[in-house]
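Trainee: My questions will all concern the structure given below.
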Amino acid sequence: MKILVPVKRVVDYNVKVRVKPDQSGVDIANVKMSMNPFCEIAVEEAVRLKEKGLASEIVAVSAGVAQCQETLRNAMAIGADRGILIESDAELQPLAVAKLLKAVVEREQPRLVILGKQAIDDDANQTGQMLAALLGWGQATFASKVELTADTVTVTREVDGGLETVALKLPAIVTTDLRLNEPRYATLPNIMKAKKKPLDTVKPADLGVDVTPRLTTLKVEEPPKRQGGVKVPDVATLIEKLKNEAKVI
Amino acid sequence: MSSYHAPTKEYRLLLETVAPIAELAKLPHFSEATTDTVYAILEESAKFAHEVLDPLNATGDRSGARFDAAQHAVTTPEGFRAAYEAYREMGGAALPVPTEFGGLGMPRTVVTLTDEMMHSANLSFGLMPLLTQGAIEALLLAGSDELKATYVAKMASGEWGGTMNLTEPQAGSDLALVKARAEPQPDGSYRIFGTKIFITFGEHDFTENIVHLVLARLPDAPEGVKGISLFVVPKFLVQPDGSLGARNDVQCVSIEHKLGIHASPTCVMQYGDAGGAVGFVVGEVNRGLEYMFVMMNLARFGVGLQGVALAERAYQHAVAYARERVQSRDVGAPKNPSVPIIRHPDVRRMLLRMRAQTEAARALAMATACALDLAQAHPDAEVRRAQQAFAELMIPIHKGWATEMAQDVTYQGVQVHGGMGFIEETGAAQYYRDARITTIYEGTTAIQANDLIGRKMAREGGVTANALIGTMRAFVTELAPSTHPHLIVAARRLREGIDAAERAVAFNLAHFNQDIRACFAGSVPMVKLFGIVCGGWQLARVGLAAERRLAAGDPDREFLEAKLATLRFYVDTMLPEAIAAADVVVNGAEGTMALAESAF
């Protein structure tokens, strides 16, 4: 069984981003970039399925600038067999990415696509769902456990009220939550081997996809600065403040 | 408590300037070390240092390694064993080992950076891989094919650890006094007897076997340094099929209570109490010290790097605190509310003193590492010879200066924290305590200084030292046309520093034969002088590259401008210390020896 794992290159989680002076977005020039942590979990899950003998090939795919090659090499160092870069300097919104991925799915014919549930830059949480809709496949989002057979996948999902278990017929889409697994460190020999694994580059036009943004960003602002707290003398005052000042109870 | 983030951007800049990795990767020997592979290795190692090693540093310091006298067993602090297992799985131990012995064959230039991260995050942990690297080096240098086949691959995979057993109670810096005995056996092996002290990771719970390299004397060996041989003594004997056999007659009999590096067990090792530990000679008999000294170059380089690593860690810790701690008003705006202490000029001076010295020492370490790689792998024999000579001159300077510099930097790190710095919970004190050993082990600063003024300068008539002075003068000429104000000052200050170095070398060469005490009296100041001047030279190389990038429109202005500003601080405040040190070299001997011994 072939598994497709889309991976996104994002600002590293340790970086404190700054809003650009013109409020058009955050400044990502000269900051450290790495693989989206949820995508790392997706790669790890695919590799574990392969190690269990349930998958035969893992294809990592990324859409974005040429430097996304580093992200793909990283996925291959963790255990993906090959990579596909859909190279574009344009802004790629979730719908465009989902369309690009649909075209790759049609070419590659995987039985399972595992994606991160969201990327830590835009936190959109849309691509997996859109891809499922475009393909007409079943989707199991926010997975905390994945059990795969030849024809089905049973997924435990983290939902607001607790855990929900769903069974899907393949082919299907799974998106990963934080607790699905703990990604391994790429071993140094595998980092060196990853360089020799195949990496193909295509352009959105080769896939027949129009990636023009459908949404316009009006303004990006810093979140409001946190105000200093106050000490309250007793519980009664606390309740009073929560009722009348914060108006939360 | 701050957490450690490896300065990988800084590393990349060094790999593009003073230690050009792209050039090394052109050599067939290092063809795997392409820039993208190296950067990927650095990023993964940085993640490992941040997520696995750093969180164990303070807890390891508090609990320390523990010794069970009944079982002769050492338990490392909680979490260390699992961290080592993760390190082993990652393939960390294999990085510098040649591919034919199961390693990854990465150049020293790369290993220098991965080692720095490991030592920054957790110095106690880092000692075990460092010592194992040294033991592998010694086996590769002089061991028979059989010894290499038996031990090296298992050590490169991290399955077995390695140790270096040199010191005895009466033989510290002076190894001529080694007394451990080796008695030849009919089967060609030896029985080893004696006590070794200060054995780092002599016993531990990381690996199933420990490969001890031990200095000992044969019964008929000549007196002194020419009668010492090197032996392999495994904790468990290795059977012909590679599996582990009988427990050897070597025991850890206690571990030391120390000022720092608490999580690293420093062992007293007892050999031969039950009939003799089985040992195998490495190379030829009576040449042990000679092999050890070749190996020791790398160990000394590694300890110098620990100085850089702790300085970096202390700097990051101090900056984090200085940004957060609000205390007193800005002297320039006294009507405004209190400010984070990073706003105060003297805190700035301390932080910049920490940062500038750290960056200079790192750049010098990287230039030295690159020279070691070229000395090993360059196709041209003349280049190999020149690079080897440069590296050998640099190693005592780097070890001596970077570790002494780390005392200053970790001291400033405590000082930035004020009273909180004196409180262990804050964390700054640990770096200060951990740093203290680095000027002592693998040869004290004075031993480095003796090596520098004797073997590396006077005995070869100053050829390499004067060649270095010529190289630095040529660089200053290259710097001269620059119109950037910081580079103009750097060129002038460096020229003064190089002049001072030249005066000191001339003094050393002129007096070494007639008045050797005068030379030795100024040997440690000589290390400081060369450390500061050579560090400044490397920092200026980086600064010049930064200016060229800025002029070419590189958008990363903040980072590059910081290189020039740091250089400016360094040349203005550190170079004068070098010039003063030269004065001590030339004029300080009479005063140093003036007081009669009986008057102390």
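Residues are referred to by chain and number: the chain letter is A, B, ... according to the order shown in the structure tokens, the number counts from 1 in that chain, and ligands are numbered separately from 1 in the order shown.
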Excluding range 182-188 of chain A and any residue of its chain fewer than 6 positions from it, enumerate the residues within 8 Å of it, using only C-alpha atoms, and give them as a count of residues only.
Mentor: 14
Trainee: Go through chain B residue by residue and, counting only C-alpha atoms, keep those with an atom at most 10 Å from chain A; for each kept residue give the shortest atom pair and its distance in Å to one decimal, ordered by chain and increasing number, as a Markdown table.
Mentor:
```
| residue | atom | partner | partner_atom | distance |
| --- | --- | --- | --- | --- |
| B:His5 | CA | A:Asn14 | CA | 8.9 |
| B:Thr8 | CA | A:Lys32 | CA | 9.3 |
| B:Lys9 | CA | A:Lys32 | CA | 8.4 |
| B:Glu32 | CA | A:Met192 | CA | 7.5 |
| B:Ala33 | CA | A:Met192 | CA | 8.7 |
| B:Thr34 | CA | A:Met192 | CA | 9.4 |
| B:Asp36 | CA | A:Glu70 | CA | 7.9 |
| B:Thr37 | CA | A:Met192 | CA | 6.2 |
| B:Val38 | CA | A:Met192 | CA | 8.7 |
| B:Tyr39 | CA | A:Glu70 | CA | 9.5 |
| B:Ala40 | CA | A:Ile191 | CA | 6.9 |
| B:Ile41 | CA | A:Leu188 | CA | 6.3 |
| B:Leu42 | CA | A:Leu188 | CA | 9.7 |
| B:Glu43 | CA | A:Ser34 | CA | 9.2 |
| B:Glu44 | CA | A:Ala186 | CA | 6.9 |
| B:Ser45 | CA | A:Leu188 | CA | 8.8 |
| B:Lys47 | CA | A:Tyr185 | CA | 8.4 |
| B:Phe48 | CA | A:Tyr185 | CA | 7.4 |
| B:Ala86 | CA | A:Tyr185 | CA | 8.3 |
| B:Tyr87 | CA | A:Thr187 | CA | 9.1 |
| B:Arg88 | CA | A:Thr187 | CA | 9.2 |
| B:Glu89 | CA | A:Thr187 | CA | 6.8 |
| B:Met90 | CA | A:Thr187 | CA | 4.1 |
| B:Gly91 | CA | A:Leu188 | CA | 5.6 |
| B:Gly92 | CA | A:Leu188 | CA | 7.0 |
| B:Ala93 | CA | A:Leu188 | CA | 9.9 |
| B:Ala94 | CA | A:Leu188 | CA | 8.6 |
| B:Leu95 | CA | A:Leu188 | CA | 7.6 |
| B:Gly103 | CA | A:Pro189 | CA | 9.0 |
| B:Leu104 | CA | A:Pro189 | CA | 6.9 |
| B:Pro555 | CA | A:Asn30 | CA | 7.9 |
| B:Asp556 | CA | A:Asn30 | CA | 6.0 |
| B:Arg557 | CA | A:Asn30 | CA | 9.4 |
| B:Glu558 | CA | A:Asn30 | CA | 9.7 |
| B:Phe559 | CA | A:Asn30 | CA | 9.0 |
```
Trainee: What lies within 10 Å of Lys169 in chain A using only C-alpha atoms, ignoring chain neighbours under 3 positions off, as an NGL selection string?
Mentor: :A and (111 or 137-139 or 149-154 or 172)
Trainee: To test your reading of the structure, identify every residue in range 4-247 of chain A that backbone DSSP assigns to alpha helix (DSSP H), and report it as an NGL selection string.
Mentor: :A and (37-51 or 68-78 or 94-108 or 127-135 or 188-194 or 235-244)
Trainee: Going by DSSP on the backbone, which bits of range 151-308 of chain B are strand (DSSP E)? Write them as number ranges by chain, please.
Mentor: B: 160-165, 181-184, 190-200, 209-216, 229-234, 236-238, 244-247, 250-255, 266-271, 277-281
Trainee: Return the single residue from B:Thr200, B:Thr592, B:Ser63, B:Thr445 that is closest to Met526 in chain B, with distances computed using only C-alpha atoms.
Mentor: B:Thr445
Trainee: Could you jot down the CA of Leu310 in chain B to CA of Lys563 in chain B separation for me, Å, one decimal place?
Mentor: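 Computing the Euclidean distance for CA of Leu310 in chain B and CA of Lys563 in chain B yields 20.4 Å.
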Trainee: Could you name the residues that touch range 506-509 of chain B at 7 Å or less, counting only C-alpha atoms, but leaving out those on the same chain fewer than 2 positions away, as a PyMOL selection string?
Mentor: chain B and resi 458+461-462+502-504+511-512+519+586
Trainee: Neighbours of Ala98 in chain A within 9 Å (only C-alpha atoms; same-chain residues fewer than 5 positions away dropped), as a PyMOL selection string?
Mentor: chain A and resi 93+103+126-132+134
Trainee: Would you work out the distance separating CA of Ala216 in chain B from CA of Phe231 in chain B, expressed in Å to one decimal?
Mentor: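 Going from CA of Ala216 in chain B over to CA of Phe231 in chain B, I get 7.4 Å.
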Trainee: Can you pull out the residues contacting range 289-297 of chain B? Cut-off 9 Å, using only C-alpha atoms, and skip same-chain residues under 4 positions away; I want them as a compact mmCIF listing (two decimals) with C-alpha atoms, in the first residue's frame.
Mentor:
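Contents of around_9.txt, freshly written:
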```txt
# COMPACT_ATOMS: atom_id res chain seq x y z
CA GLY B 134 39.54 9.78 21.97
CA ALA B 135 39.81 6.06 22.64
CA GLU B 137 41.31 7.70 17.80
CA ALA B 138 44.08 5.98 19.76
CA LEU B 141 46.27 5.43 15.23
CA ALA B 142 48.27 2.55 16.64
CA LEU B 175 53.31 11.03 33.30
CA LEU B 215 49.17 3.46 30.33
CA VAL B 225 58.49 8.63 29.46
CA LYS B 226 60.21 6.23 27.07
CA GLY B 227 59.15 3.20 29.12
CA ILE B 228 55.40 3.59 29.03
CA SER B 229 53.15 1.37 26.91
CA LEU B 230 49.48 1.62 25.99
CA VAL B 282 48.31 -1.04 21.42
CA GLY B 283 51.05 -0.56 18.82
CA PHE B 301 40.87 20.40 21.10
CA GLY B 302 37.67 18.90 22.51
CA GLU B 392 49.43 21.97 16.15
CA ILE B 395 45.72 23.53 19.74
CA PRO B 396 47.51 24.68 22.93
CA GLU B 442 43.73 17.21 29.45
```
Trainee: Can you measure CA of Gly427 in chain B to CA of Val326 in chain B for me? One decimal in Å is fine.
Mentor: 18.7 Å
Trainee: When you look at Leu351 in chain B with a cut-off of 10 Å (counting only C-alpha atoms), what residues show up, excluding the ones that are within fewer than 5 positions of it in the same chain? I need them as a list in words.
Mentor: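 Non-adjacent residues within range: Ala314, Tyr315, Gln316, Ala318, Val319, Ala322, Ile342, Pro345, Asp346, Ala356, Val409, Gln412, Gly413 and Val416 of chain B.
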Trainee: Print the selection's residues with C-alpha atoms to a file, as a CSV table (one decimal), in the first residue's frame.
Mentor:
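Saved file part.csv follows:
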```
chain,number,residue,atom,x,y,z
B,314,ALA,CA,26.2,31.0,30.0
B,315,TYR,CA,25.7,33.9,27.6
B,316,GLN,CA,22.3,32.7,26.5
B,318,ALA,CA,22.5,35.8,31.1
B,319,VAL,CA,20.8,37.4,28.1
B,322,ALA,CA,18.8,40.5,31.5
B,342,ILE,CA,19.8,44.9,29.6
B,345,PRO,CA,25.4,50.2,30.1
B,346,ASP,CA,27.5,48.0,32.4
B,356,ALA,CA,32.5,38.6,21.8
B,409,VAL,CA,32.4,34.4,30.6
B,412,GLN,CA,30.2,37.4,34.1
B,413,GLY,CA,27.2,35.1,33.6
B,416,VAL,CA,24.7,39.6,35.4
```
Trainee: Counting only C-alpha atoms, which of B:Val281, B:Leu130, B:Val110, B:Met117 gets nearest to Glu146 in chain B?
Mentor: B:Val281
